[in-house]
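Heads up: the structure comes next, in C-alpha cells.
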Amino acid sequence: MAKLKGNIGLVTAYAHLMGGSLGRLVLSLGYFVCVANALSLADFGRFATASATGVVLSRIAAFGFVSPLYRVATGRPRLVGVYTAGFLAALLASLPLVALVAAGFYAVFFQGEMSILAFAAIVAAEVLCWRVLEVVCIVNNGLGRFGRAAILAISGSAVRTLAALAFALFSDHSLIAWASAYLLANALAMLGAILFFYPRIRLRFAPSLYLARWRDSVSVASAEIIFYLQSELDKLLVLSLGGPHIAGLYAILMRLVDLTAIPVRAFNTMLVQKLMKAPQTLASWRLRVSLEAGIAAVSIAGLAFLGGFLAIFPTALGDNVADAAPLVLLALLVPAFRNLVEFQSELLYARGKTTVRALILALVGVIKAGLLALLLGHFDDRGTAWIAGMNGLFAALWLVSAVATYTAFDWHGRGRPAAPVTPAPQPGE
C-alpha cells in the first residue's frame, strides 16, 4: 500500500511538473511570436543575444548558493529560512561582480549594436528578476510543492507574454522600448512570486552554516556558468561573425529548438530528486540507454512537428519567423543532442559531482566554440549549409559529454557505492 501511494504521489508530482511545462510551452510560443515579429530581425538577434548573456550572468548571481538552498529544501526543509537569508546575502555580495562582467560583455560584443541602457535593462531582467522567480520555483520543487511551482512557472510566463503582446500592439517596436517592457514584466513576475509563492519562513542569518557549503556553491555556480556559456556561446559567436541579421535567423531557429527542452526539463527535475535520495537508480545501462533514447525521440518529434507545420504554413508564426521556417528541419537532430547534454549534466549534479560537471561542461564549451567557428568560416551559404552542419556539431558534443559523464557518474573511489547527496547535518543545524 505504501509503495502504491508512493507511485501515485510520483505520478501526481510529474503531472504537476508537466502541466507547468506544457503551460509554459504554449505561453512561450505566444511570447516568441509577438517579440520575433514586433522587432526587426536584426533587433531580435540583438535582444536574444543580450538575453542569453543575462542568463549566463544570472548564474554568477549569489555565487551558486541556490544549490545549498535547494538541497536543504529537499532534505531538511526546516532550514529553508536560514538558507534563504544566506542566498539573499550572497546575491547582494555578487552584484558588483555581475556588473563588472556585464560591462566586459557589452564592450566586447554589444557596443555599437545596442545602447547600454537597453543592454542593462535586459541583463537586469534576467539576473535580478527572472532568476529570483526561478529560485522560488526551485525551492517549491525541493519542498515537493510541484503544483505551486507549476502555477508559478505558468503565471511568470503569462506576464512576459502579456508584455510582449502589449509591445507588439502599442509600442514603436524599438529595441529600447522592448527592453524597458521586458524589465517591467520580469519585475512584476518576480514580486508576485515572492509575495504569493515563497514559503512563509522566518529569516535567520547563520554564516557558520554557509561556510560549510561554500565549496558546493562555488562549484555549482562554476558549472552553471560554464553550462550556460557553452549553451549560449553560439549566439555571441553568430552575432560577432555573422552580423545581427544572421544572428536573428539563428536566434529564431534556436528558440524553436529550446521549446523542445521544456517538457524534458520536467522529467530532469524528477530524476534529479530521485537520484539525490537513491543514487543507485541509474545503475542499469539498459535504463540509461532507454532514457537517452526517450529524450532524443521526444526532442526530435517536437522539432519535426514544428518544422512540418511551418513547412506547410510558413507564415503561421509571422513574417520574421517565416524567414527561418525553411531552416527548421535542417536542424532536426540538434534538439536531441542538445537536450541530452543538459540531461547528462543534471545527472552529475544529482550525484554531487559538481566540480567534474564544471570541467566536462568547460570541455564541451571549448569544442563547441571551435567547431562553430569552423562552420561559420567554411560555408558561404550560411542560411542553409551551416545549419545542417549543426547536427554533426551537436552529435560530437553529445559523444564527448556522454563518455565523460558516465565515466564520472560510475566512479565512486575505492569501490565505494554512491551515497545520497541531500545535506548531512552540520554543527548547529
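Each chain in the C-alpha cells gets a letter, A, B and so on, in the order shown; residues start at 1 in every chain, and ligands are counted from 1 in the order they appear.
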
| message | Just want the 9 Å neighbourhood of A:Val400, counted on only C-alpha atoms, with same-chain residues fewer than 3 positions away dropped. Output as JSON, numbers by chain. | response | {"A": [360, 363, 364, 395, 396, 397, 403, 404, 405]}

| query | Any idea what's packed within 12 Å of A:Ser174, counting only C-alpha atoms, ignoring anything in its chain fewer than 6 positions away? Could you give it as an MDAnalysis selection string? | reply | chainID A and resid 35 37:44 46:47 114:115 118 167:168 180:181

| request: Could you tell me which of A:Ala149, A:Leu183, A:Thr269, A:Asp234 comes closest to A:Ala251 if we count only C-alpha atoms? | output: A:Asp234

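With only C-alpha atoms as the atoms that count, the residue of A:Arg76, A:Arg145, A:Lys235, A:Arg204 with the shortest distance to A:Gly45 is A:Lys235.
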
| Which residues come within 9 Å of A:Ser155, counting only C-alpha atoms, excluding same-chain residues fewer than 5 positions away, as a PyMOL selection string? | chain A and resi 24+150+160+189+192-193

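Distance annotation: of A:Leu376, A:Val366, A:Leu317, A:Leu79, the residue with the minimal separation from A:Ser231 is A:Val366; atom set is only C-alpha atoms.
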
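Using only C-alpha atoms, the residues found no farther than 6 Å from stretch 336-350 of chain A, other than those of its own chain fewer than 5 positions away, are Val272, Leu275, Met276, Ala296, Ser299, Ile300, Arg357, Phe394, Ala395 and Trp398 of chain A.
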
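With only C-alpha atoms as the atoms that count, the residue of A:Leu256, A:Val159, A:Ala293, A:Ala166 with the shortest distance to A:Gly307 is A:Leu256.
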
| message | Which residues are near A:Leu233? Cut-off 12 Å, only C-alpha atoms, ignore same chain within fewer than 2 positions. Put them as a PyMOL selection string. | response | chain A and resi 48-53+55-56+105+109+225-231+235-240+247+251+362+364-373

| said: Could you list, as a list in words, every residue within 12 Å of A:Leu306, counting only C-alpha atoms and ignoring same-chain residues fewer than 4 positions away? | reply: Leu29, Leu253, Arg255, Leu256, Val257, Asp258, Leu259, Thr260, Ser299, Ile300, Ala301, Gly302, Leu310, Ala311, Ile312, Phe313, Pro314, Ala316, Leu317, Val321, Ala324, Ala325, Pro326, Leu327, Val328, Leu329, Ala331 and Leu332 of chain A

| message | Give me, as an MDAnalysis selection string, the residues of stretch 145-299 of chain A that a backbone DSSP run labels alpha helix (DSSP H). | response | chainID A and resid 146:170 175:197 207:211 214:259 261:277 285:299

| field | Counting only C-alpha atoms, the residue of A:Ala221, A:Ile201, A:Leu330, A:Ala107 that sits nearest A:Pro68 | value | A:Ala221

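For the atom pair formed by atom CA of A:Trp386 and atom CA of A:Leu241, the distance is 13.0 Å, given to one decimal.
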
| field | Residues near A:Leu184, cut-off 12 Å, only C-alpha atoms, skip fewer than 6 positions along chain, as a ChimeraX atom specification | value | /A:121-122,124-126,128-130,159-160,162-164,167,177-178,190-191

Export, as an mmCIF file, in the first residue's frame, the selected residues with N, CA and C atoms.
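For reference, result.cif as written:
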```cif
data_model
loop_
_atom_site.group_PDB
_atom_site.id
_atom_site.type_symbol
_atom_site.label_atom_id
_atom_site.label_comp_id
_atom_site.auth_asym_id
_atom_site.auth_seq_id
_atom_site.Cartn_x
_atom_site.Cartn_y
_atom_site.Cartn_z
ATOM 1 N N ALA A 121 18.970 46.946 -19.136
ATOM 2 C CA ALA A 121 17.605 46.553 -18.777
ATOM 3 C C ALA A 121 17.381 45.059 -19.008
ATOM 4 N N ILE A 122 17.878 44.550 -20.123
ATOM 5 C CA ILE A 122 17.704 43.124 -20.436
ATOM 6 C C ILE A 122 18.468 42.264 -19.439
ATOM 7 N N ALA A 124 19.433 43.100 -16.361
ATOM 8 C CA ALA A 124 18.806 43.205 -15.032
ATOM 9 C C ALA A 124 17.552 42.337 -14.953
ATOM 10 N N ALA A 125 16.782 42.275 -16.037
ATOM 11 C CA ALA A 125 15.583 41.437 -16.055
ATOM 12 C C ALA A 125 15.938 39.976 -15.830
ATOM 13 N N GLU A 126 17.033 39.520 -16.440
ATOM 14 C CA GLU A 126 17.431 38.113 -16.303
ATOM 15 C C GLU A 126 18.083 37.839 -14.943
ATOM 16 N N LEU A 128 18.301 39.834 -11.956
ATOM 17 C CA LEU A 128 17.634 40.196 -10.708
ATOM 18 C C LEU A 128 16.194 39.693 -10.618
ATOM 19 N N CYS A 129 15.524 39.613 -11.757
ATOM 20 C CA CYS A 129 14.079 39.320 -11.719
ATOM 21 C C CYS A 129 13.768 37.865 -12.041
ATOM 22 N N TRP A 130 14.078 37.447 -13.252
ATOM 23 C CA TRP A 130 13.695 36.085 -13.634
ATOM 24 C C TRP A 130 14.450 35.035 -12.829
ATOM 25 N N VAL A 159 2.880 36.628 -17.652
ATOM 26 C CA VAL A 159 3.167 38.061 -17.515
ATOM 27 C C VAL A 159 4.079 38.517 -18.656
ATOM 28 N N ARG A 160 5.104 37.715 -18.959
ATOM 29 C CA ARG A 160 6.001 38.095 -20.053
ATOM 30 C C ARG A 160 5.270 38.076 -21.404
ATOM 31 N N LEU A 162 2.035 38.651 -21.920
ATOM 32 C CA LEU A 162 1.179 39.839 -21.987
ATOM 33 C C LEU A 162 1.990 41.083 -22.319
ATOM 34 N N ALA A 163 3.174 41.180 -21.723
ATOM 35 C CA ALA A 163 4.047 42.318 -22.036
ATOM 36 C C ALA A 163 4.442 42.309 -23.505
ATOM 37 N N ALA A 164 4.739 41.129 -24.033
ATOM 38 C CA ALA A 164 5.112 41.022 -25.450
ATOM 39 C C ALA A 164 3.947 41.402 -26.353
ATOM 40 N N PHE A 167 3.519 45.117 -26.237
ATOM 41 C CA PHE A 167 4.592 45.729 -27.020
ATOM 42 C C PHE A 167 4.291 45.641 -28.514
ATOM 43 N N ALA A 177 12.379 50.223 -26.311
ATOM 44 C CA ALA A 177 11.018 50.091 -25.777
ATOM 45 C C ALA A 177 10.768 48.671 -25.288
ATOM 46 N N TRP A 178 11.219 47.685 -26.061
ATOM 47 C CA TRP A 178 11.024 46.299 -25.633
ATOM 48 C C TRP A 178 11.876 45.984 -24.406
ATOM 49 N N MET A 190 8.509 38.636 -10.695
ATOM 50 C CA MET A 190 9.318 38.332 -9.525
ATOM 51 C C MET A 190 8.594 38.713 -8.239
ATOM 52 N N LEU A 191 8.005 39.907 -8.199
ATOM 53 C CA LEU A 191 7.300 40.348 -6.995
ATOM 54 C C LEU A 191 6.126 39.421 -6.676
#
```

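Comparing A:Trp214, A:Tyr250, A:Phe305, A:Phe32 by their smallest distance to A:Gly64, the closest is A:Trp214 (using only C-alpha atoms).
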